[in-house]
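Student: Just query-v7.pdb, nothing more (PDB, C-alpha atoms):
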ATOM      1  CA  MET A  18     118.154 105.675 126.698
ATOM      2  CA  SER A  19     116.986 108.283 124.263
ATOM      3  CA  ASP A  20     118.860 110.896 126.291
ATOM      4  CA  SER A  21     122.202 109.264 125.688
ATOM      5  CA  ALA A  22     121.286 108.661 122.069
ATOM      6  CA  GLU A  23     120.637 112.340 121.696
ATOM      7  CA  ARG A  24     123.925 113.279 123.245
ATOM      8  CA  ILE A  25     125.846 110.973 120.973
ATOM      9  CA  ARG A  26     123.981 111.890 117.829
ATOM     10  CA  PRO A  27     125.329 115.005 116.134
ATOM     11  CA  GLU A  28     122.864 117.730 115.393
ATOM     12  CA  ARG A  29     120.479 116.894 112.607
ATOM     13  CA  SER A  30     121.496 118.577 109.429
ATOM     14  CA  ALA A  31     119.225 119.923 106.746
ATOM     15  CA  ALA A  32     120.642 117.225 104.491
ATOM     16  CA  ASP A  33     119.485 114.533 106.908
ATOM     17  CA  ASP A  34     116.013 115.952 106.866
ATOM     18  CA  ALA A  35     116.013 116.215 103.112
ATOM     19  CA  ALA A  36     117.092 112.587 102.736
ATOM     20  CA  PHE A  37     114.485 111.480 105.219
ATOM     21  CA  LYS A  38     111.823 113.463 103.451
ATOM     22  CA  ARG A  39     112.731 112.016 100.066
ATOM     23  CA  GLU A  40     112.407 108.492 101.345
ATOM     24  CA  LEU A  41     109.216 109.272 103.216
ATOM     25  CA  VAL A  42     107.621 110.746 100.109
ATOM     26  CA  GLN A  43     108.375 107.570  98.205
ATOM     27  CA  LEU A  44     106.568 105.578 100.860
ATOM     28  CA  ILE A  45     103.359 107.601 100.734
ATOM     29  CA  PRO A  46     101.703 105.366  98.111
ATOM     30  CA  HIS A  47     102.432 102.309 100.240
ATOM     31  CA  LEU A  48     101.167 103.973 103.395
ATOM     32  CA  ARG A  49      97.969 104.869 101.568
ATOM     33  CA  ALA A  50      97.519 101.297 100.394
ATOM     34  CA  PHE A  51      98.085  99.849 103.835
ATOM     35  CA  ALA A  52      95.758 102.408 105.396
ATOM     36  CA  ARG A  53      93.089 101.523 102.852
ATOM     37  CA  THR A  54      93.216  97.892 103.862
ATOM     38  CA  LEU A  55      92.837  98.845 107.510
ATOM     39  CA  CYS A  56      90.127 101.479 107.136
ATOM     40  CA  GLY A  57      88.258 100.499 104.034
ATOM     41  CA  ASP A  58      86.926 103.997 103.524
ATOM     42  CA  PRO A  59      89.359 105.879 101.234
ATOM     43  CA  THR A  60      88.885 109.262 102.923
ATOM     44  CA  ALA A  61      89.441 107.898 106.406
ATOM     45  CA  ALA A  62      92.375 105.912 105.034
ATOM     46  CA  ASP A  63      94.031 109.024 103.627
ATOM     47  CA  ASP A  64      93.538 110.826 106.934
ATOM     48  CA  LEU A  65      95.207 107.918 108.671
ATOM     49  CA  ALA A  66      98.057 107.831 106.152
ATOM     50  CA  GLN A  67      98.601 111.591 106.588
ATOM     51  CA  ASP A  68      98.662 111.269 110.357
ATOM     52  CA  ALA A  69     101.150 108.440 110.104
ATOM     53  CA  MET A  70     103.290 110.413 107.678
ATOM     54  CA  MET A  71     103.382 113.367 110.069
ATOM     55  CA  LYS A  72     104.159 111.185 113.057
ATOM     56  CA  ALA A  73     107.017 109.656 111.112
ATOM     57  CA  TRP A  74     108.256 113.125 110.197
ATOM     58  CA  ASP A  75     108.070 114.335 113.794
ATOM     59  CA  ALA A  76     109.929 111.228 114.956
ATOM     60  CA  ARG A  77     112.574 111.416 112.230
ATOM     61  CA  ALA A  78     115.348 111.999 114.736
ATOM     62  CA  SER A  79     114.767 108.511 116.126
ATOM     63  CA  PHE A  80     114.979 106.846 112.758
ATOM     64  CA  GLN A  81     118.307 105.567 111.601
ATOM     65  CA  MET A  82     118.773 106.122 107.890
ATOM     66  CA  GLY A  83     119.607 102.978 106.024
ATOM     67  CA  THR A  84     117.311 100.778 108.077
ATOM     68  CA  ASN A  85     113.913  99.721 106.840
ATOM     69  CA  MET A  86     111.832 102.855 106.737
ATOM     70  CA  LYS A  87     108.891 101.119 105.121
ATOM     71  CA  ALA A  88     108.472  98.713 108.019
ATOM     72  CA  TRP A  89     109.016 101.564 110.475
ATOM     73  CA  THR A  90     106.342 103.774 108.934
ATOM     74  CA  PHE A  91     103.922 100.845 108.629
ATOM     75  CA  MET A  92     104.359 100.205 112.322
ATOM     76  CA  ILE A  93     103.598 103.861 113.062
ATOM     77  CA  LEU A  94     100.535 103.755 110.858
ATOM     78  CA  ARG A  95      99.267 100.579 112.445
ATOM     79  CA  ASN A  96      99.755 101.931 115.978
ATOM     80  CA  GLN A  97      97.957 105.088 114.992
ATOM     81  CA  PHE A  98      95.060 103.101 113.552
ATOM     82  CA  TYR A  99      94.574 100.972 116.628
ATOM     83  CA  SER A 100      94.876 103.827 119.085
ATOM     84  CA  GLU A 101      92.248 105.757 117.133
ATOM     85  CA  LYS A 102      90.067 102.710 116.887
ATOM     86  CA  ARG A 103      90.225 102.157 120.616
ATOM     87  CA  ARG A 104      89.216 105.726 121.195
ATOM     88  CA  SER A 105      86.281 105.633 118.840
ATOM     89  CA  TRP A 106      84.580 102.566 120.338
ATOM     90  CA  ARG A 107      83.450 101.420 116.988
ATOM     91  CA  GLN A 108      85.462  98.342 116.448
ATOM     92  CA  SER A 109      82.625  95.821 116.477
ATOM     93  CA  GLN A 110      80.721  97.400 113.654
ATOM     94  CA  LEU A 111      83.753  98.488 111.702
ATOM     95  CA  ASP A 112      84.345  95.372 109.668
ATOM     96  CA  GLN A 113      80.930  95.088 108.122
ATOM     97  CA  GLU A 114      80.796  98.797 107.430
ATOM     98  CA  ALA A 115      84.215  98.750 105.920
ATOM     99  CA  ALA A 116      83.185  95.935 103.639
ATOM    100  CA  GLU A 117      80.222  97.863 102.369
ATOM    101  CA  ARG A 118      82.034 101.118 101.899
ATOM    102  CA  THR A 119      84.958  99.474 100.182
ATOM    103  CA  LEU A 120      82.628  98.000  97.679
ATOM    104  CA  VAL A 121      81.298 101.438  96.896
ATOM    105  CA  ALA A 122      84.790 102.888  96.913
ATOM    106  CA  VAL A 123      85.846 101.109  93.750
ATOM    107  CA  ASP A 124      85.306 103.921  91.298
ATOM    108  CA  ASP A 125      86.849 102.203  88.315
ATOM    109  CA  PRO A 126      83.971 100.722  86.340
ATOM    110  CA  GLU A 127      86.422  98.429  84.591
ATOM    111  CA  ALA A 128      87.586  96.934  87.875
ATOM    112  CA  PRO A 129      86.993  93.206  87.799
ATOM    113  CA  VAL A 130      84.210  91.900  89.961
ATOM    114  CA  ALA A 131      86.433  89.433  91.745
ATOM    115  CA  LEU A 132      88.393  92.217  93.373
ATOM    116  CA  ASP A 133      85.291  93.390  95.185
ATOM    117  CA  GLU A 134      84.640  89.903  96.369
ATOM    118  CA  LEU A 135      88.176  89.590  97.607
ATOM    119  CA  ARG A 136      87.724  92.825  99.532
ATOM    120  CA  LEU A 137      84.506  91.559 101.048
ATOM    121  CA  GLY A 138      86.140  88.272 101.909
ATOM    122  CA  LEU A 139      89.042  90.106 103.527
ATOM    123  CA  ALA A 140      86.659  92.214 105.545
ATOM    124  CA  MET A 141      85.198  89.046 107.021
ATOM    125  CA  LEU A 142      88.528  87.915 108.438
ATOM    126  CA  PRO A 143      89.528  88.767 111.996
ATOM    127  CA  ALA A 144      91.560  91.986 111.932
ATOM    128  CA  GLU A 145      94.824  90.382 113.006
ATOM    129  CA  GLN A 146      94.585  87.721 110.305
ATOM    130  CA  ARG A 147      93.740  90.297 107.692
ATOM    131  CA  GLU A 148      96.669  92.556 108.461
ATOM    132  CA  ALA A 149      99.110  89.634 108.611
ATOM    133  CA  LEU A 150      97.965  88.351 105.246
ATOM    134  CA  ILE A 151      98.133  91.799 103.693
ATOM    135  CA  LEU A 152     101.590  92.616 105.028
ATOM    136  CA  VAL A 153     103.071  89.312 103.883
ATOM    137  CA  GLY A 154     100.929  88.543 100.867
ATOM    138  CA  ALA A 155     100.577  92.002  99.369
ATOM    139  CA  GLY A 156     102.937  94.392 101.144
ATOM    140  CA  GLY A 157     106.004  92.314 100.374
ATOM    141  CA  PHE A 158     107.166  91.971 103.972
ATOM    142  CA  ALA A 159     109.002  88.970 105.354
ATOM    143  CA  TYR A 160     107.391  87.219 108.296
ATOM    144  CA  GLU A 161     110.005  88.762 110.583
ATOM    145  CA  GLU A 162     109.180  92.252 109.402
ATOM    146  CA  ALA A 163     105.449  91.669 109.676
ATOM    147  CA  ALA A 164     105.974  90.407 113.222
ATOM    148  CA  GLU A 165     107.898  93.568 114.050
ATOM    149  CA  ILE A 166     105.189  95.761 112.573
ATOM    150  CA  CYS A 167     102.403  93.959 114.435
ATOM    151  CA  GLY A 168     104.366  93.628 117.654
ATOM    152  CA  CYS A 169     104.003  89.861 117.902
ATOM    153  CA  ALA A 170     106.060  86.695 117.481
ATOM    154  CA  VAL A 171     107.137  85.453 114.060
ATOM    155  CA  GLY A 172     105.329  82.152 114.648
ATOM    156  CA  THR A 173     102.152  84.056 115.406
ATOM    157  CA  VAL A 174     102.367  85.884 112.093
ATOM    158  CA  LYS A 175     102.949  82.610 110.256
ATOM    159  CA  SER A 176      99.929  80.966 111.772
ATOM    160  CA  ARG A 177      97.782  84.041 111.190
ATOM    161  CA  VAL A 178      98.771  84.160 107.534
ATOM    162  CA  SER A 179      98.114  80.485 107.123
ATOM    163  CA  ARG A 180      94.719  80.665 108.805
ATOM    164  CA  ALA A 181      93.817  83.770 106.834
ATOM    165  CA  ARG A 182      94.629  82.043 103.547
ATOM    166  CA  ARG A 183      92.501  79.067 104.373
ATOM    167  CA  ALA A 184      89.611  81.153 105.649
ATOM    168  CA  LEU A 185      89.706  83.455 102.642
ATOM    169  CA  HIS A 186      89.764  80.516 100.296
ATOM    170  CA  ALA A 187      86.761  78.987 102.034
ATOM    171  CA  ILE A 188      84.878  82.280 102.002
ATOM    172  CA  LEU A 189      85.451  82.832  98.306
ATOM    173  CA  GLU A 190      84.722  79.229  97.471
ATOM    174  CA  ASP A 191      81.422  79.167  99.293
ATOM    175  CA  GLY A 192      80.330  82.618  98.316
ATOM    176  CA  ALA A 193      79.903  83.116 102.039
ATOM    177  CA  TYR A 194      80.468  86.827 101.698
ATOM    178  CA  ASP A 195      76.741  87.051 101.187
ATOM    179  CA  ARG A 196      76.459  89.249  98.189
ATOM    180  CA  ASP A 197      73.077  89.574  96.547
ATOM    181  CA  GLY A 198      72.757  87.612  93.370
ATOM    182  CA  GLY A 199      76.212  86.058  93.442
ATOM    183  CA  SER A 200      76.017  82.307  93.453
ATOM    184  CA  ALA A 201      78.413  80.072  95.333
ATOM    185  CA  GLY A 202      81.763  79.587  93.645
ATOM    186  CA  ASP A 203      81.406  82.549  91.302
ATOM    187  CA  ALA A 204      83.964  84.597  93.173
ATOM    188  CA  MET A 205      86.562  81.872  93.026
ATOM    189  CA  ARG A 206      85.914  81.180  89.359
ATOM    190  CA  SER A 207      86.310  84.813  88.540
ATOM    191  CA  ILE A 208      89.504  85.085  90.576
ATOM    192  CA  LEU A 209      90.947  82.049  88.845
ATOM    193  CA  ALA A 210      90.079  83.349  85.407
ATOM    194  CA  ASP A 211      91.713  86.628  86.227
ATOM    195  CA  ALA A 212      94.852  85.096  87.637
ATOM    196  CA  GLU A 213      95.184  83.044  84.480
ATOM    197  CA  ARG A 214      94.832  86.144  82.356
ATOM    198  CA  LEU A 215      97.401  88.022  84.417
ATOM    199  CA  SER A 216      99.947  85.224  84.384
ATOM    200  CA  SER A 217      99.632  84.716  80.641
ATOM    201  CA  VAL A 218     100.392  88.382  80.073
ATOM    202  CA  ARG A 219     103.609  88.037  82.015
TER     203      ARG A 219
ATOM    204  CA  MET B   2     102.796 106.156 125.132
ATOM    205  CA  VAL B   3     102.860 105.820 121.370
ATOM    206  CA  GLN B   4     105.842 108.086 121.161
ATOM    207  CA  LYS B   5     107.866 105.519 123.013
ATOM    208  CA  ARG B   6     107.836 103.151 120.087
ATOM    209  CA  TYR B   7     109.430 105.627 117.740
ATOM    210  CA  GLN B   8     112.204 106.429 120.116
ATOM    211  CA  ARG B   9     113.331 102.873 120.242
ATOM    212  CA  GLU B  10     116.686 102.502 118.594
ATOM    213  CA  PRO B  11     116.300 100.773 115.263
ATOM    214  CA  VAL B  12     117.801  97.498 116.371
ATOM    215  CA  PRO B  13     114.847  95.433 115.166
ATOM    216  CA  PHE B  14     115.610  96.192 111.573
ATOM    217  CA  GLY B  15     119.336  96.037 112.026
ATOM    218  CA  PRO B  16     121.741  93.127 111.888
ATOM    219  CA  GLY B  17     119.080  90.527 112.556
ATOM    220  CA  PHE B  18     117.334  91.418 109.342
ATOM    221  CA  PRO B  19     119.907  91.159 106.582
ATOM    222  CA  HIS B  20     117.209  90.722 103.956
ATOM    223  CA  LEU B  21     115.530  93.985 104.785
ATOM    224  CA  ALA B  22     116.691  95.922 101.789
ATOM    225  CA  PRO B  23     113.929  98.396 101.007
ATOM    226  CA  ASP B  24     112.565  96.511  98.045
ATOM    227  CA  PRO B  25     108.820  97.014  97.878
ATOM    228  CA  THR B  26     108.361  94.404  95.160
ATOM    229  CA  GLY B  27     110.253  91.529  96.715
ATOM    230  CA  THR B  28     108.096  89.106  98.678
ATOM    231  CA  PRO B  29     110.469  87.027 100.740
ATOM    232  CA  GLY B  30     107.681  85.701 102.898
ATOM    233  CA  GLU B  31     105.435  84.762 100.058
ATOM    234  CA  ALA B  32     107.021  81.567  98.852
ATOM    235  CA  GLY B  33     107.191  80.260 102.381
ATOM    236  CA  ALA B  34     103.590  81.143 102.977
ATOM    237  CA  LEU B  35     102.485  79.238  99.924
ATOM    238  CA  ASN B  36     104.568  76.231 100.773
ATOM    239  CA  ASP B  37     103.250  76.075 104.292
ATOM    240  CA  ASP B  38      99.829  76.012 102.926
ATOM    241  CA  GLN B  39     100.488  73.332 100.396
ATOM    242  CA  ASN B  40     101.896  71.082 103.060
ATOM    243  CA  ASP B  41      98.841  71.640 105.170
ATOM    244  CA  LYS B  42      96.606  70.805 102.279
ATOM    245  CA  ARG B  43      98.384  67.574 101.687
ATOM    246  CA  GLY B  44      97.860  66.732 105.323
ATOM    247  CA  ARG B  45     101.014  64.677 105.626
ATOM    248  CA  PRO B  46     104.587  65.539 106.466
ATOM    249  CA  SER B  47     106.595  66.192 103.321
ATOM    250  CA  ARG B  48     109.162  63.523 104.149
ATOM    251  CA  GLU B  49     106.542  60.815 104.163
ATOM    252  CA  ARG B  50     105.044  62.165 100.993
ATOM    253  CA  GLY B  51     108.392  62.105  99.203
ATOM    254  CA  ALA B  52     109.016  58.455 100.038
ATOM    255  CA  ASP B  53     105.522  57.638  99.014
ATOM    256  CA  ASP B  54     105.962  59.260  95.630
ATOM    257  CA  MET B  55     109.078  57.257  94.913
ATOM    258  CA  ILE B  56     107.565  53.908  95.799
ATOM    259  CA  GLU B  57     104.390  54.381  93.897
ATOM    260  CA  GLN B  58     105.137  53.801  90.220
ATOM    261  CA  ARG B  59     101.793  53.573  88.495
ATOM    262  CA  PRO B  60      99.272  56.265  89.335
ATOM    263  CA  SER B  61      95.995  54.827  90.472
ATOM    264  CA  PRO B  62      92.875  56.734  89.434
ATOM    265  CA  GLU B  63      92.399  57.577  93.073
ATOM    266  CA  ARG B  64      95.839  59.019  93.317
ATOM    267  CA  ARG B  65      95.480  60.991  90.150
ATOM    268  CA  LYS B  66      92.335  62.491  91.541
ATOM    269  CA  ALA B  67      94.042  63.442  94.780
ATOM    270  CA  SER B  68      96.907  65.076  92.949
ATOM    271  CA  ALA B  69      94.534  66.986  90.693
ATOM    272  CA  ALA B  70      92.729  68.261  93.770
ATOM    273  CA  LEU B  71      96.052  69.301  95.240
ATOM    274  CA  ASP B  72      97.030  71.171  92.094
ATOM    275  CA  GLU B  73      93.667  72.841  92.113
ATOM    276  CA  ALA B  74      94.055  73.961  95.723
ATOM    277  CA  ARG B  75      97.526  75.275  94.996
ATOM    278  CA  LEU B  76      96.295  77.140  91.970
ATOM    279  CA  ARG B  77      93.525  78.722  93.965
ATOM    280  CA  GLN B  78      95.836  79.904  96.702
ATOM    281  CA  GLN B  79      98.153  81.381  94.100
ATOM    282  CA  ALA B  80      95.239  83.110  92.439
ATOM    283  CA  ILE B  81      94.225  84.669  95.730
ATOM    284  CA  GLY B  82      97.820  85.797  96.245
ATOM    285  CA  VAL B  83      97.898  87.452  92.840
ATOM    286  CA  ARG B  84      94.608  89.175  93.579
ATOM    287  CA  LEU B  85      95.775  90.376  96.937
ATOM    288  CA  ARG B  86      98.844  92.014  95.480
ATOM    289  CA  GLN B  87      96.793  93.474  92.683
ATOM    290  CA  MET B  88      94.383  95.026  95.163
ATOM    291  CA  PHE B  89      97.232  96.556  97.140
ATOM    292  CA  ASP B  90      99.154  97.731  94.078
ATOM    293  CA  GLU B  91      96.069  99.363  92.703
ATOM    294  CA  VAL B  92      96.194 101.890  95.535
ATOM    295  CA  VAL B  93      99.996 102.129  95.420
ATOM    296  CA  ASN B  94      99.740 103.140  91.775
ATOM    297  CA  GLU B  95      97.155 105.837  92.376
ATOM    298  CA  ASP B  96      98.325 109.418  92.163
ATOM    299  CA  VAL B  97      99.151 110.707  95.608
ATOM    300  CA  PRO B  98      96.775 113.547  96.530
ATOM    301  CA  ASP B  99      98.576 116.915  96.608
ATOM    302  CA  GLU B 100      97.486 117.287 100.205
ATOM    303  CA  PHE B 101     100.144 114.850 101.367
ATOM    304  CA  LEU B 102     103.051 116.743  99.884
ATOM    305  CA  GLU B 103     101.528 120.039 100.936
ATOM    306  CA  ILE B 104     101.335 118.977 104.581
ATOM    307  CA  LEU B 105     104.865 117.700 104.531
ATOM    308  CA  ARG B 106     106.165 120.827 102.865
ATOM    309  CA  LYS B 107     104.530 123.031 105.508
ATOM    310  CA  ALA B 108     105.968 120.910 108.296
ATOM    311  CA  ASP B 109     109.384 121.151 106.723
ATOM    312  CA  GLU B 110     109.128 124.933 106.440
ATOM    313  CA  ARG B 111     108.012 125.229 110.053
ATOM    314  CA  ASN B 112     110.995 123.156 110.971
ATOM    315  CA  ALA B 113     113.429 125.276 108.997
ATOM    316  CA  GLY B 114     111.906 128.494 110.370
ATOM    317  CA  GLY B 115     111.976 127.284 113.976
ATOM    318  CA  GLY B 116     115.590 126.203 113.743
ATOM    319  CA  GLU B 117     116.929 129.701 113.344
TER     320      GLU B 117
END
Using structure tokens, write down the structure from this file.

Tutor:
Amino acid sequence: MSDSAERIRPERSAADDAAFKRELVQLIPHLRAFARTLCGDPTAADDLAQDAMMKAWDARASFQMGTNMKAWTFMILRNQFYSEKRRSWRQSQLDQEAAERTLVAVDDPEAPVALDELRLGLAMLPAEQREALILVGAGGFAYEEAAEICGCAVGTVKSRVSRARRALHAILEDGAYDRDGGSAGDAMRSILADAERLSSVR
Amino acid sequence: MVQKRYQREPVPFGPGFPHLAPDPTGTPGEAGALNDDQNDKRGRPSRERGADDMIEQRPSPERRKASAALDEARLRQQAIGVRLRQMFDEVVNEDVPDEFLEILRKADERNAGGGE
């Protein structure tokens, strides 16, 4: 299939590459953000984002300009993450570790407390629920796009997002993220207060 | 193996996805996600609920309480949604480390050099 595609496709011009590169560069911040939610650790996340960026660059001939490059690169990044994760045999301990490191990784002293708790809560979700919620709830993807990125059915993404929302709500409500000193309900109160502040600014 | 995925022709994001304009801020799935959740919270099909609302004229204390709880749940889910986006956008808005552009530039130069 790719053989015939190559025969049909005219030779890649420098302009094609330049256009591809421009668009790819614009996506770097989003790739970094997505990688951070998968890895937790910012350094590992940037390594992952760089790998994904390079894979996308190497595969540029198979990308059709004008289609959704963001979803395409996210899919590459996600595949890269899971193939590395499989290789490293660390998946069972990853979530808890990621939660701890992410907490440390917030280097902005002004960052509201609730954000940390949200991160911890997210880290407690099953990986497939977490990524579905992040793609749809934060990444701005439609269910169909998220399904394409994760390689599953649209209905599966919907149910994962819905379950993730409920679980996250319960975790934050109960203070089940098990943080020293934080009493039950504090996380949710703080999130609510912050949301109110943000929406009043708007 | 992995390479195979990239070589796939970009049909998935083609005609079947008319709403796929590269708009990083738009959240087409978000409203649906919230609505799904609200319906679940209510625990009854929306059709039944609608009829119910029309018949019931005077709000009983019980009903008021239920509706307040519903509003509360909705508010909380929205708050989590706002937070989630904020968390993501925080990284999006960070300065991209020079390393990224450097790597890409080198790859591009290699490419240009090898093409001759």

Student: Select residues of chain A: the criterion is any atom within 7 Å of an atom of chain B, counting only C-alpha atoms; output as a list in words.

Tutor: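 Taking only C-alpha atoms into account, Ser19, Pro46, His47, Arg49, Ala50, Gln67, Ala76, Ser79, Phe80, Gln81, Thr84, Asn85, Leu132, Val153, Gly154, Ala155, Gly157, Phe158, Ala159, Tyr160, Ser179, Ile208, Leu209 and Ala212 of chain A sit within 7 Å of chain B.
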
Student: To test your reading of the syntax: which residues would the PyMOL selection byres ((chain A and resi 177) around 10) return for the file shown? Reply as a count of residues only.

Tutor: 19

Student: Quick one: everything within 8 Å of Ala88 in chain A, counting all atoms listed in the file, minus sequence neighbours fewer than 5 positions away in the same chain. Send it as a list of chain:residue names.

Tutor: A:Phe158, A:Glu162, A:Ala163, A:Glu165, A:Ile166

Student: What gap, in Å, lies between CA of Ala66 in chain A and CA of Phe51 in chain A?

Tutor: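 Spanning CA of Ala66 in chain A to CA of Phe51 in chain A is a straight-line distance of 8.3 Å.
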
Student: Determine the axis-aligned bounding box of all atoms of range 67-70 of chain A present in the file, pad each side by 6 Å, and express its centre and edge lengths in Å to one decimal place as lines of an AutoDock Vina configuration file.

Tutor:
center_x = 100.9
center_y = 110.0
center_z = 108.5
size_x = 16.7
size_y = 15.2
size_z = 15.8

Student: Which residue, A:Leu135, A:Cys169, A:Leu152, A:Ala73, has the smallest gap to His186 in chain A when you use only C-alpha atoms?

Tutor: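 Comparing A:Leu135, A:Cys169, A:Leu152, A:Ala73 against His186 in chain A, the winner is A:Leu135.
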
Student: In the coordinates of the file, take the point (92.3, 109.0, 105.0) and a cut-off of 12 Å; then, counting only C-alpha atoms, name each qualifying protein, DNA or RNA residue as an MDAnalysis selection string.

Tutor: (chainID A and resid 45 48:70 94 98) or (chainID B and resid 97:98 100:101)

Student: Just C-alpha atoms for this one: save the residues we selected as a CSV table (one decimal), in the frame of the given file.

Tutor:
chain,number,residue,atom,x,y,z
A,45,ILE,CA,103.4,107.6,100.7
A,48,LEU,CA,101.2,104.0,103.4
A,49,ARG,CA,98.0,104.9,101.6
A,50,ALA,CA,97.5,101.3,100.4
A,51,PHE,CA,98.1,99.8,103.8
A,52,ALA,CA,95.8,102.4,105.4
A,53,ARG,CA,93.1,101.5,102.9
A,54,THR,CA,93.2,97.9,103.9
A,55,LEU,CA,92.8,98.8,107.5
A,56,CYS,CA,90.1,101.5,107.1
A,57,GLY,CA,88.3,100.5,104.0
A,58,ASP,CA,86.9,104.0,103.5
A,59,PRO,CA,89.4,105.9,101.2
A,60,THR,CA,88.9,109.3,102.9
A,61,ALA,CA,89.4,107.9,106.4
A,62,ALA,CA,92.4,105.9,105.0
A,63,ASP,CA,94.0,109.0,103.6
A,64,ASP,CA,93.5,110.8,106.9
A,65,LEU,CA,95.2,107.9,108.7
A,66,ALA,CA,98.1,107.8,106.2
A,67,GLN,CA,98.6,111.6,106.6
A,68,ASP,CA,98.7,111.3,110.4
A,69,ALA,CA,101.2,108.4,110.1
A,70,MET,CA,103.3,110.4,107.7
A,94,LEU,CA,100.5,103.8,110.9
A,98,PHE,CA,95.1,103.1,113.6
B,97,VAL,CA,99.2,110.7,95.6
B,98,PRO,CA,96.8,113.5,96.5
B,100,GLU,CA,97.5,117.3,100.2
B,101,PHE,CA,100.1,114.8,101.4

Student: Could you work out how far CA of Leu142 in chain A lies from CA of Leu189 in chain A, giving the answer in Å with one decimal?

Tutor: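 Atom-to-atom, CA of Leu189 in chain A and CA of Leu142 in chain A are spaced 11.7 Å apart.
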